[in-house]
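Raw protein.cif, mmCIF, C-alpha atoms:
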```
data_coords
#
loop_
_atom_site.label_atom_id
_atom_site.label_comp_id
_atom_site.auth_asym_id
_atom_site.auth_seq_id
_atom_site.Cartn_x
_atom_site.Cartn_y
_atom_site.Cartn_z
CA MET A 1 -36.90 10.09 10.40
CA GLU A 2 -33.86 9.55 8.15
CA SER A 3 -31.61 10.88 10.94
CA ASN A 4 -32.57 7.89 13.12
CA ARG A 5 -30.81 5.65 10.61
CA GLN A 6 -27.53 7.45 11.31
CA LEU A 7 -28.08 7.72 15.09
CA GLN A 8 -28.27 3.91 15.31
CA LEU A 9 -24.58 3.80 14.36
CA GLY A 10 -23.82 5.09 17.84
CA THR A 11 -26.40 3.20 19.87
CA GLU A 12 -27.34 -0.18 18.38
CA ARG A 13 -25.66 -3.44 19.44
CA ILE A 14 -22.35 -3.81 17.55
CA ARG A 15 -22.84 -7.34 16.19
CA LYS A 16 -26.29 -6.50 14.85
CA LEU A 17 -25.06 -3.22 13.40
CA LEU A 18 -22.03 -4.82 11.75
CA MET A 19 -24.24 -7.50 10.23
CA ARG A 20 -26.56 -4.84 8.83
CA TYR A 21 -23.71 -2.91 7.24
CA ALA A 22 -21.30 -5.70 6.39
CA VAL A 23 -23.68 -8.27 4.86
CA PRO A 24 -24.90 -5.95 2.07
CA SER A 25 -21.29 -4.86 1.49
CA ILE A 26 -20.14 -8.49 1.38
CA ILE A 27 -22.88 -9.39 -1.07
CA ALA A 28 -22.05 -6.36 -3.21
CA MET A 29 -18.29 -6.92 -3.15
CA THR A 30 -18.62 -10.67 -3.75
CA ALA A 31 -20.97 -10.00 -6.62
CA THR A 32 -18.47 -7.55 -8.09
CA SER A 33 -15.68 -10.12 -7.93
CA LEU A 34 -17.99 -12.75 -9.39
CA TYR A 35 -18.77 -10.65 -12.44
CA ASN A 36 -15.02 -10.04 -12.87
CA MET A 37 -14.62 -13.81 -12.68
CA VAL A 38 -17.43 -14.36 -15.18
CA ASP A 39 -15.66 -11.92 -17.52
CA SER A 40 -12.51 -14.03 -17.16
CA ILE A 41 -14.39 -17.30 -17.74
CA PHE A 42 -16.07 -16.01 -20.91
CA ILE A 43 -12.76 -14.59 -22.15
CA GLY A 44 -10.75 -17.71 -21.30
CA GLN A 45 -13.23 -20.11 -22.87
CA LYS A 46 -14.38 -18.09 -25.91
CA CYS A 47 -11.72 -15.57 -26.96
CA GLY A 48 -8.62 -17.66 -27.71
CA GLU A 49 -5.58 -19.30 -26.16
CA PHE A 50 -3.81 -16.07 -25.16
CA ALA A 51 -6.90 -14.07 -24.23
CA ILE A 52 -6.73 -14.84 -20.50
CA SER A 53 -3.06 -13.84 -20.49
CA GLY A 54 -3.96 -10.62 -22.32
CA LEU A 55 -6.52 -9.88 -19.64
CA ALA A 56 -3.90 -10.43 -16.92
CA VAL A 57 -1.65 -7.86 -18.61
CA THR A 58 -4.37 -5.21 -18.12
CA PHE A 59 -4.49 -5.69 -14.32
CA PRO A 60 -1.81 -3.06 -13.53
CA LEU A 61 -3.61 -0.38 -15.52
CA MET A 62 -6.94 -1.30 -13.97
CA ASN A 63 -5.31 -1.24 -10.52
CA LEU A 64 -3.93 2.22 -11.23
CA SER A 65 -7.35 3.47 -12.27
CA ALA A 66 -8.84 1.86 -9.17
CA ALA A 67 -6.19 3.63 -7.06
CA PHE A 68 -7.52 7.05 -8.06
CA GLY A 69 -11.12 5.90 -7.69
CA ALA A 70 -10.47 4.46 -4.23
CA MET A 71 -8.70 7.61 -3.12
CA VAL A 72 -11.80 9.70 -3.79
CA GLY A 73 -14.43 7.06 -3.00
CA ILE A 74 -13.09 5.74 0.29
CA GLY A 75 -11.75 9.15 1.33
CA SER A 76 -15.12 10.83 0.83
CA ALA A 77 -17.10 7.94 2.37
CA THR A 78 -14.94 7.96 5.51
CA LEU A 79 -15.19 11.75 5.81
CA VAL A 80 -18.98 11.56 5.38
CA SER A 81 -19.18 9.03 8.25
CA VAL A 82 -17.15 11.30 10.54
CA LYS A 83 -19.20 14.41 9.65
CA MET A 84 -22.43 12.54 10.34
CA GLY A 85 -21.06 11.42 13.69
CA GLN A 86 -20.43 15.11 14.44
CA ARG A 87 -24.02 15.92 13.36
CA ASP A 88 -22.69 18.19 10.60
CA HIS A 89 -25.15 17.43 7.78
CA GLU A 90 -24.18 20.42 5.63
CA ALA A 91 -20.49 19.51 5.70
CA ALA A 92 -21.32 15.91 4.72
CA GLU A 93 -23.20 17.11 1.64
CA LYS A 94 -20.27 19.32 0.64
CA VAL A 95 -18.04 16.25 0.82
CA VAL A 96 -20.35 14.39 -1.58
CA SER A 97 -20.44 17.23 -4.13
CA ASN A 98 -16.67 17.71 -4.04
CA ALA A 99 -16.17 13.96 -4.46
CA VAL A 100 -18.25 14.09 -7.66
CA MET A 101 -16.20 16.97 -9.06
CA LEU A 102 -12.92 15.25 -8.14
CA ASN A 103 -13.99 12.06 -9.90
CA LEU A 104 -14.89 13.99 -13.04
CA ILE A 105 -11.50 15.72 -13.16
CA ILE A 106 -9.33 12.72 -12.25
CA GLY A 107 -11.30 10.26 -14.39
CA THR A 108 -11.03 12.45 -17.48
CA LEU A 109 -7.30 13.09 -17.09
CA PHE A 110 -6.58 9.40 -16.52
CA MET A 111 -8.54 8.46 -19.63
CA LEU A 112 -6.76 10.98 -21.88
CA VAL A 113 -3.24 10.10 -20.74
CA SER A 114 -3.81 6.33 -20.83
CA LEU A 115 -5.38 6.33 -24.30
CA ALA A 116 -2.57 8.49 -25.67
CA PHE A 117 0.13 6.02 -24.55
CA LEU A 118 -1.86 2.78 -24.30
CA GLU A 119 0.36 0.46 -26.38
CA PRO A 120 3.71 1.39 -24.72
CA ILE A 121 2.01 1.22 -21.31
CA LEU A 122 0.78 -2.31 -21.98
CA ARG A 123 4.21 -3.33 -23.30
CA PHE A 124 5.75 -2.01 -20.11
CA PHE A 125 3.19 -4.00 -18.08
CA GLY A 126 4.34 -7.25 -19.71
CA ALA A 127 2.36 -7.58 -22.95
CA SER A 128 3.95 -9.71 -25.65
CA ASP A 129 3.16 -9.91 -29.35
CA ASN A 130 0.72 -12.72 -28.48
CA THR A 131 -1.15 -10.86 -25.74
CA LEU A 132 -1.01 -7.20 -26.81
CA PRO A 133 -3.99 -7.29 -29.24
CA TYR A 134 -6.24 -8.75 -26.54
CA ALA A 135 -5.11 -6.32 -23.85
CA ARG A 136 -5.41 -3.31 -26.17
CA ASP A 137 -8.93 -4.19 -27.34
CA TYR A 138 -10.12 -4.62 -23.77
CA MET A 139 -8.55 -1.49 -22.26
CA GLN A 140 -9.47 0.91 -25.06
CA VAL A 141 -13.16 0.39 -24.39
CA LEU A 142 -12.84 0.54 -20.60
CA LEU A 143 -10.82 3.75 -20.73
CA TYR A 144 -13.48 5.55 -22.76
CA GLY A 145 -15.85 4.87 -19.86
CA ASN A 146 -13.31 5.58 -17.10
CA VAL A 147 -15.13 8.66 -15.74
CA LEU A 148 -18.34 6.70 -15.42
CA THR A 149 -16.54 3.89 -13.57
CA HIS A 150 -15.04 6.33 -11.06
CA LEU A 151 -18.40 8.02 -10.43
CA TYR A 152 -20.29 4.73 -10.08
CA LEU A 153 -17.84 3.18 -7.61
CA GLY A 154 -17.24 6.41 -5.66
CA LEU A 155 -20.92 7.23 -5.19
CA ASN A 156 -21.62 3.66 -4.16
CA ASP A 157 -19.15 4.07 -1.27
CA VAL A 158 -20.96 7.22 -0.16
CA VAL A 159 -24.40 5.60 -0.41
CA ARG A 160 -23.19 2.87 1.94
CA ALA A 161 -21.47 5.24 4.37
CA SER A 162 -24.48 7.57 4.59
CA GLY A 163 -26.73 4.87 6.03
CA TYR A 164 -28.01 2.94 2.99
CA PRO A 165 -25.98 -0.28 2.81
CA GLN A 166 -28.85 -2.27 1.31
CA ARG A 167 -29.35 0.28 -1.43
CA ALA A 168 -25.62 0.30 -2.21
CA MET A 169 -25.81 -3.48 -2.48
CA ALA A 170 -28.79 -3.22 -4.83
CA PHE A 171 -26.88 -0.89 -7.17
CA THR A 172 -23.93 -3.28 -7.25
CA LEU A 173 -26.15 -6.30 -7.89
CA THR A 174 -27.76 -4.40 -10.75
CA ALA A 175 -24.33 -3.99 -12.32
CA VAL A 176 -23.42 -7.63 -11.71
CA VAL A 177 -26.53 -9.23 -13.17
CA SER A 178 -26.51 -6.83 -16.11
CA ASN A 179 -22.83 -7.53 -16.81
CA ILE A 180 -23.36 -11.30 -16.96
CA ILE A 181 -26.22 -10.83 -19.42
CA PHE A 182 -24.25 -8.35 -21.55
CA ASP A 183 -21.20 -10.64 -21.52
CA PHE A 184 -23.26 -13.47 -22.94
CA LEU A 185 -24.72 -11.18 -25.61
CA PHE A 186 -21.55 -9.43 -26.72
CA ILE A 187 -19.08 -12.34 -26.39
CA VAL A 188 -21.14 -15.45 -27.19
CA VAL A 189 -24.01 -14.18 -29.35
CA PHE A 190 -22.38 -11.25 -31.20
CA GLU A 191 -18.83 -12.77 -31.03
CA MET A 192 -17.21 -9.40 -30.24
CA GLY A 193 -14.36 -10.92 -28.20
CA MET A 194 -12.44 -8.75 -25.75
CA ARG A 195 -14.19 -5.57 -26.86
CA GLY A 196 -17.51 -7.24 -26.18
CA ALA A 197 -16.46 -8.06 -22.62
CA ALA A 198 -15.45 -4.45 -21.98
CA ILE A 199 -18.63 -3.03 -23.57
CA GLY A 200 -20.70 -5.34 -21.37
CA THR A 201 -18.96 -4.05 -18.26
CA LEU A 202 -19.58 -0.40 -19.17
CA CYS A 203 -23.23 -0.98 -20.07
CA ALA A 204 -23.78 -2.62 -16.69
CA GLN A 205 -22.16 0.30 -14.87
CA VAL A 206 -24.41 2.76 -16.72
CA MET A 207 -27.47 1.01 -15.32
CA ALA A 208 -26.15 1.06 -11.75
CA PHE A 209 -25.01 4.69 -12.02
CA ALA A 210 -28.48 5.71 -13.16
CA GLY A 211 -29.88 4.25 -9.92
CA GLU A 212 -27.34 6.20 -7.85
CA MET A 213 -28.30 9.44 -9.57
CA VAL A 214 -31.94 8.85 -8.68
CA HIS A 215 -30.90 8.21 -5.06
CA PHE A 216 -28.87 11.42 -4.67
CA ASN A 217 -31.45 13.57 -6.45
CA HIS A 218 -34.35 12.41 -4.26
CA LYS A 219 -35.33 15.07 -1.73
CA ASN A 220 -36.02 12.51 1.03
CA THR A 221 -32.52 11.00 0.85
CA TYR A 222 -30.47 11.91 3.93
CA LEU A 223 -27.62 13.26 1.78
CA HIS A 224 -28.49 14.54 -1.68
CA PHE A 225 -27.22 16.83 -4.38
CA ARG A 226 -27.74 20.55 -3.77
CA LYS A 227 -26.64 23.29 -6.17
CA SER A 228 -25.33 25.32 -3.24
CA ALA A 229 -22.98 22.48 -2.24
CA PHE A 230 -21.37 22.22 -5.69
CA SER A 231 -18.50 24.59 -5.15
CA PHE A 232 -14.91 23.42 -5.16
CA ARG A 233 -13.60 23.66 -1.60
CA LEU A 234 -9.87 23.13 -1.21
CA LYS A 235 -10.12 22.18 2.46
CA VAL A 236 -12.65 19.43 1.72
CA VAL A 237 -10.62 18.16 -1.22
CA ARG A 238 -7.48 17.99 0.91
CA SER A 239 -9.36 16.01 3.58
CA ILE A 240 -10.74 13.56 1.01
CA ILE A 241 -7.31 13.00 -0.55
CA GLY A 242 -5.58 12.80 2.84
CA ILE A 243 -7.91 10.08 4.11
CA GLY A 244 -7.97 8.32 0.73
CA LEU A 245 -4.19 8.31 0.40
CA SER A 246 -3.87 4.93 2.11
CA PRO A 247 -6.14 2.97 -0.30
CA PHE A 248 -4.59 4.96 -3.17
CA LEU A 249 -1.11 3.77 -2.21
CA ILE A 250 -2.36 0.20 -1.74
CA ASN A 251 -3.62 0.14 -5.31
CA CYS A 252 -0.56 1.92 -6.72
CA CYS A 253 1.68 -0.62 -5.04
CA ALA A 254 -0.56 -3.40 -6.33
CA CYS A 255 -0.08 -1.97 -9.82
CA PHE A 256 3.72 -2.03 -9.50
CA VAL A 257 3.68 -5.49 -7.93
CA VAL A 258 1.60 -6.95 -10.78
CA ILE A 259 4.04 -5.42 -13.26
CA LEU A 260 6.94 -7.17 -11.49
CA ILE A 261 4.98 -10.43 -11.36
CA ASN A 262 4.05 -10.27 -15.05
CA LYS A 263 7.58 -9.44 -16.12
CA GLY A 264 9.04 -12.14 -13.88
CA LEU A 265 6.63 -14.75 -15.17
CA MET A 266 7.36 -13.77 -18.76
CA ALA A 267 11.11 -14.03 -18.11
CA TYR A 268 11.05 -17.37 -16.27
CA GLY A 269 7.93 -18.99 -17.73
CA GLY A 270 6.11 -17.24 -20.60
CA ASP A 271 2.63 -16.07 -21.59
CA HIS A 272 0.89 -19.12 -20.11
CA TYR A 273 2.34 -18.40 -16.66
CA VAL A 274 0.99 -14.85 -16.87
CA GLY A 275 -2.40 -16.35 -17.66
CA ALA A 276 -2.12 -18.75 -14.72
CA TYR A 277 -1.47 -15.81 -12.42
CA GLY A 278 -4.49 -14.01 -13.89
CA ILE A 279 -6.73 -16.99 -13.13
CA SER A 280 -5.34 -17.51 -9.61
CA ASN A 281 -5.67 -13.81 -8.88
CA ARG A 282 -9.33 -13.82 -9.89
CA VAL A 283 -10.08 -16.74 -7.56
CA VAL A 284 -8.29 -15.24 -4.56
CA PHE A 285 -9.93 -11.91 -5.40
CA ILE A 286 -13.38 -13.36 -4.66
CA PHE A 287 -12.45 -14.15 -1.06
CA PHE A 288 -10.49 -10.94 -0.64
CA MET A 289 -13.50 -8.93 -1.80
CA ILE A 290 -15.55 -10.56 0.96
CA VAL A 291 -12.96 -9.22 3.40
CA MET A 292 -13.23 -5.81 1.74
CA GLY A 293 -17.00 -6.05 2.21
CA ILE A 294 -16.44 -6.65 5.92
CA ASN A 295 -14.05 -3.69 5.90
CA GLN A 296 -16.58 -1.44 4.18
CA GLY A 297 -19.27 -2.50 6.64
CA MET A 298 -16.93 -1.80 9.55
CA GLN A 299 -15.68 1.63 8.50
CA PRO A 300 -18.92 3.68 8.77
CA ILE A 301 -19.49 2.28 12.28
CA VAL A 302 -15.90 2.95 13.36
CA GLY A 303 -15.86 6.40 11.75
CA TYR A 304 -19.20 7.48 13.20
CA ASN A 305 -18.33 6.36 16.73
CA TYR A 306 -14.92 7.97 16.46
CA GLY A 307 -16.60 11.24 15.52
CA ALA A 308 -19.03 10.78 18.43
CA ARG A 309 -16.10 10.02 20.83
CA GLN A 310 -17.25 6.45 21.54
CA LEU A 311 -13.96 4.68 20.80
CA ASN A 312 -14.83 1.54 22.76
CA ARG A 313 -17.53 0.82 20.19
CA SER A 314 -15.05 1.45 17.36
CA ILE A 315 -12.51 -1.05 18.76
CA LYS A 316 -15.16 -3.68 19.47
CA THR A 317 -16.35 -3.40 15.86
CA TYR A 318 -12.77 -3.85 14.67
CA LYS A 319 -12.24 -7.02 16.74
CA ILE A 320 -15.39 -8.67 15.39
CA ALA A 321 -14.39 -7.73 11.83
CA VAL A 322 -10.94 -9.29 12.28
CA VAL A 323 -12.40 -12.64 13.36
CA ALA A 324 -14.75 -12.67 10.36
CA ALA A 325 -11.97 -11.76 7.90
CA VAL A 326 -9.60 -14.44 9.17
CA ALA A 327 -12.36 -17.05 8.86
CA VAL A 328 -13.05 -16.04 5.25
CA LEU A 329 -9.43 -16.23 4.13
CA THR A 330 -8.89 -19.52 5.95
CA THR A 331 -11.70 -20.85 3.75
CA CYS A 332 -9.83 -19.45 0.72
CA PHE A 333 -6.73 -21.39 1.79
CA ALA A 334 -8.74 -24.62 2.06
CA VAL A 335 -10.49 -24.24 -1.30
CA CYS A 336 -7.29 -23.39 -3.19
CA HIS A 337 -5.51 -26.43 -1.78
CA ILE A 338 -8.32 -28.97 -2.14
CA MET A 339 -9.72 -28.26 -5.63
CA PRO A 340 -7.43 -25.97 -7.67
CA GLU A 341 -7.60 -28.13 -10.82
CA VAL A 342 -11.39 -28.02 -10.82
CA ILE A 343 -11.37 -24.23 -10.47
CA ALA A 344 -8.72 -23.76 -13.18
CA ARG A 345 -10.80 -25.80 -15.64
CA TRP A 346 -13.60 -23.22 -15.36
CA PHE A 347 -11.31 -20.64 -16.97
CA THR A 348 -9.40 -22.61 -19.59
CA PRO A 349 -9.79 -25.84 -21.58
CA TYR A 350 -6.01 -26.29 -21.96
CA ASP A 351 -4.49 -29.01 -19.72
CA TYR A 352 -1.05 -27.38 -19.49
CA MET A 353 -2.68 -24.12 -18.30
CA ILE A 354 -4.67 -26.06 -15.72
CA ASP A 355 -1.54 -27.70 -14.30
CA ILE A 356 0.37 -24.40 -14.07
CA THR A 357 -2.60 -22.63 -12.48
CA ALA A 358 -3.22 -25.32 -9.85
CA HIS A 359 0.41 -25.27 -8.78
CA ALA A 360 0.43 -21.46 -8.60
CA MET A 361 -2.80 -21.34 -6.62
CA ARG A 362 -1.51 -23.71 -3.94
CA LEU A 363 1.73 -21.77 -3.41
CA MET A 364 0.21 -18.26 -3.57
CA THR A 365 -2.28 -18.97 -0.78
CA LEU A 366 -0.01 -20.70 1.76
CA ALA A 367 -0.32 -17.82 4.28
CA MET A 368 -3.74 -16.55 3.25
CA PRO A 369 -5.34 -16.66 6.77
CA PHE A 370 -2.86 -14.00 7.96
CA VAL A 371 -4.01 -11.49 5.31
CA GLY A 372 -7.41 -10.90 6.93
CA PHE A 373 -5.94 -9.33 10.07
CA GLN A 374 -3.69 -7.01 8.10
CA ALA A 375 -6.46 -5.84 5.74
CA ILE A 376 -8.93 -5.05 8.53
CA THR A 377 -6.24 -3.23 10.52
CA VAL A 378 -5.55 -0.94 7.56
CA GLY A 379 -9.29 -0.27 7.43
CA LEU A 380 -9.34 0.58 11.14
CA PHE A 381 -6.56 3.16 10.86
CA THR A 382 -8.22 4.67 7.76
CA ALA A 383 -11.59 4.99 9.53
CA LEU A 384 -9.96 6.56 12.61
CA GLY A 385 -8.19 9.12 10.43
CA MET A 386 -4.73 7.79 11.43
CA VAL A 387 -3.41 8.45 7.95
CA SER A 388 0.29 7.89 8.63
CA LYS A 389 -0.31 4.45 10.15
CA SER A 390 -2.67 3.33 7.39
CA ILE A 391 -0.21 4.51 4.74
CA PHE A 392 2.69 2.76 6.45
CA MET A 393 0.73 -0.48 6.67
CA SER A 394 -0.36 -0.10 3.06
CA LEU A 395 3.28 0.05 2.05
CA THR A 396 4.44 -2.72 4.40
CA ARG A 397 3.36 -5.81 2.47
CA GLN A 398 3.95 -4.41 -1.00
CA VAL A 399 7.08 -2.27 -0.80
CA LEU A 400 9.01 -3.46 2.25
CA PHE A 401 8.38 -7.18 1.83
CA LEU A 402 6.80 -8.33 -1.44
CA ILE A 403 8.81 -6.32 -3.96
CA PRO A 404 12.24 -7.40 -2.58
CA CYS A 405 11.04 -11.02 -2.54
CA LEU A 406 9.90 -10.75 -6.17
CA ILE A 407 13.29 -9.40 -7.18
CA VAL A 408 15.45 -11.91 -5.25
CA LEU A 409 13.62 -15.27 -4.99
CA PRO A 410 12.99 -15.92 -8.73
CA ARG A 411 16.74 -15.80 -9.35
CA PHE A 412 17.07 -18.97 -7.27
CA LEU A 413 13.66 -20.65 -7.65
CA GLY A 414 12.38 -19.44 -11.03
CA THR A 415 8.60 -19.11 -11.24
CA ASP A 416 8.23 -20.83 -7.84
CA GLY A 417 10.16 -17.90 -6.37
CA ILE A 418 7.38 -15.60 -7.58
CA TRP A 419 4.66 -17.79 -6.10
CA TYR A 420 6.50 -18.14 -2.74
CA SER A 421 7.06 -14.38 -2.51
CA MET A 422 3.38 -13.80 -1.78
CA PRO A 423 2.90 -15.95 1.36
CA LEU A 424 6.27 -14.86 2.76
CA SER A 425 5.32 -11.17 2.52
CA ASP A 426 1.88 -11.97 4.01
CA ILE A 427 3.46 -13.41 7.16
CA LEU A 428 5.89 -10.50 7.57
CA SER A 429 3.16 -7.86 7.11
CA PHE A 430 0.96 -9.69 9.63
CA VAL A 431 3.67 -9.35 12.27
CA MET A 432 4.00 -5.63 11.50
CA ALA A 433 0.22 -5.13 11.74
CA VAL A 434 0.10 -6.79 15.17
CA VAL A 435 2.84 -4.48 16.48
CA LEU A 436 1.18 -1.31 15.16
CA VAL A 437 -2.35 -2.03 16.34
CA VAL A 438 -1.21 -3.10 19.83
CA ARG A 439 0.76 0.12 20.18
CA ALA A 440 -2.15 2.24 18.94
CA ILE A 441 -4.67 0.68 21.35
CA ARG A 442 -2.21 0.97 24.25
CA LYS A 443 -1.73 4.67 23.46
CA MET A 444 -5.50 5.25 23.39
CA LYS A 445 -5.80 3.64 26.83
CA MET A 446 -2.99 5.77 28.24
CA GLU A 447 -4.72 8.92 26.94
CA GLY A 448 -8.00 7.86 28.52
CA LEU A 449 -9.78 7.47 25.18
CA LEU A 450 -10.61 3.79 25.87
#
```
Would you mind giving the structure from this file in structure tokens?
Amino acid sequence: MESNRQLQLGTERIRKLLMRYAVPSIIAMTATSLYNMVDSIFIGQKCGEFAISGLAVTFPLMNLSAAFGAMVGIGSATLVSVKMGQRDHEAAEKVVSNAVMLNLIIGTLFMLVSLAFLEPILRFFGASDNTLPYARDYMQVLLYGNVLTHLYLGLNDVVRASGYPQRAMAFTLTAVVSNIIFDFLFIVVFEMGMRGAAIGTLCAQVMAFAGEMVHFNHKNTYLHFRKSAFSFRLKVVRSIIGIGLSPFLINCCACFVVILINKGLMAYGGDHYVGAYGISNRVVFIFFMIVMGINQGMQPIVGYNYGARQLNRSIKTYKIAVVAAVAVLTTCFAVCHIMPEVIARWFTPYDYMIDITAHAMRLMTLAMPFVGFQAITVGLFTALGMVSKSIFMSLTRQVLFLIPCLIVLPRFLGTDGIWYSMPLSDILSFVMAVVLVVRAIRKMKMEGLL
């Protein structure tokens, strides 16, 4: 029975369960970051000296798009997990249908507004005369497919949360492998440059989305599309947005932070420093996506057991996830300090870019092991429905710590002030995360929930 798959979330041994959910998520998230990295490698090696810097300029707009997608995707996936834990199958299906309608509305509006003001937006994000043509060519294509991107990523979260982590992984791997092939065709064979890279990404997402549609239209799938469920329900929408507000704010803050970084690097360094940040960000992103995979594997287990009033299992899952995340980002620290020049050479053939990138990579990752604890703790509060805590933690690193550092330190240290801002804010947000999670667990014990 399909229902047995969901019941195991509340009964099976935690380590085994977390492996089952987290490993496919890790593979999927790592694969996603790898195809982003492959995009960057093709662009850096084949599209011109300022192409990688042009790509870096698009990060804030992509982060903003991802913010809306994550709000609906993670919000609906978490709510689905809780409803399944409460054995409310009908409510879970209503969440899925409302998530689809939300993605259609938000994705379309975002596309229309962004395309209408694309050039001034990119200028505001740090594009120069050298980098604007590359950034514009890339984003125009991606924005035309923005609705599809939102639907593909959002439905993938729900597939995973509803008890099919391996299938969610398969859809992501389909997109990854397809994107690498399409990149080679459109960039190398057809010499379409930045537009070719963006077209390749969209074509790959079409293939993965087609698989998701088959999944949700199959009558034997635990949650699937029903005409009766496709009615806009304000209460469900509010719940999705309320839970998804934390990841939304994380991505919005990331958007603003990248704008500050790009502008600071342009002011104190120039286009090549923006490109160096783009390369370093892609490398760190691979390891961070592994942590996000752990987070995604953790959240259905935590959410289900919270809904089933088995909070001891939720907290045990969280502790195991923290250990795994810290181990991953400690590895990131080691790699970025031992071989940054080798990694930088994958992305660019220019020696001066390699030197700038290696220096940036070493400084940016000084406190990387601390980030794992903070990221998993945000995931815990999101899965438990503690929206205010998850939002506060989402804002902690970006708004309370990182942004002030980015404004003040470069005035004294130049570009090094920008690189040092990141590890300093990581340490401060780690301390805040420890305080909040200890207080939350202590409160649960006092209330007899643990």
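Within 12 Å of the point (-25.1, -11.5, -18.9) in file coordinates, and counting all atoms listed in the file, lie the residues Leu34, Tyr35, Asn36, Val38, Asp39, Phe42, Thr174, Ala175, Val176, Val177, Ser178, Asn179, Ile180, Ile181, Phe182, Asp183, Phe184, Leu185, Phe186, Ile187, Val188, Val189, Gly196, Ala197, Ile199, Gly200, Thr201, Cys203 and Ala204 of chain A.
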*Check what the PyMOL selection byres ((chain A and resi 246-256) around 9) selects in the file above and give those residues as a PyMOL selection string.*
chain A and resi 59-72+74-75+125+241-245+257-261+378-379+382+387-395+398-399+403
*Gap from atom CA of A:Arg87 to atom CA of A:Met19 - Å, one decimal*: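 Answer for the atom CA of A:Arg87 to atom CA of A:Met19 separation: 23.6 Å.
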*Quick one: of A:Leu173, A:Val96, A:Met364, A:Leu436, who's nearest to A:Cys336, counting all atoms listed in the file?*
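Smallest distance to A:Cys336 is found for A:Met364.
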*Using only C-alpha atoms, which residues sit within 8 Å of A:Ile27 once same-chain residues fewer than 2 positions away are excluded, as a PyMOL selection string?*
chain A and resi 23-25+29-31+169+290+293
*Compare A:Tyr352, A:Tyr134, A:Phe285, A:Tyr21 by their minimum atom-to-atom distance to A:Ser162, counting all atoms listed in the file, and give me the closest one.*
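Counting all atoms listed in the file, the residue closest to A:Ser162 is A:Tyr21.
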*What's the 8 Å shell around A:Ile41, counting all atoms listed in the file, without same-chain residues fewer than 2 positions away, as a ChimeraX atom specification?*
/A:37-39,43-45,346-348
_Nearest to A:Phe209, chosen from A:Phe232, A:Tyr152, A:Phe287, A:Phe110, with all atoms listed in the file counted in the distances_ = A:Tyr152
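The closest residue to A:Phe370, picked from A:Gly269, A:Gly297, A:Gly54, A:Pro423 and counting all atoms listed in the file, is A:Pro423.
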*Using all atoms listed in the file, which of the listed residues (A:Glu212, A:Asp157, A:Glu191, A:Asp271) sits closest to A:Leu79?*
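Smallest distance to A:Leu79 is found for A:Asp157.
With distances restricted to only C-alpha atoms, A:Ala276 is the closest residue to A:Thr357 from A:Val283, A:Val158, A:Ala383, A:Ala276.
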*Taking (-7.9, 10.0, -18.0) in the file's coordinates as the center, which residues reach within 10 Å of it, counting only C-alpha atoms, put as a list of chain:residue names?*
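Using only C-alpha atoms, the matching residues come out as A:Ser65, A:Leu104, A:Ile105, A:Ile106, A:Gly107, A:Thr108, A:Leu109, A:Phe110, A:Met111, A:Leu112, A:Val113, A:Ser114, A:Leu115, A:Ala116, A:Leu143, A:Tyr144, A:Gly145, A:Asn146, A:Val147.
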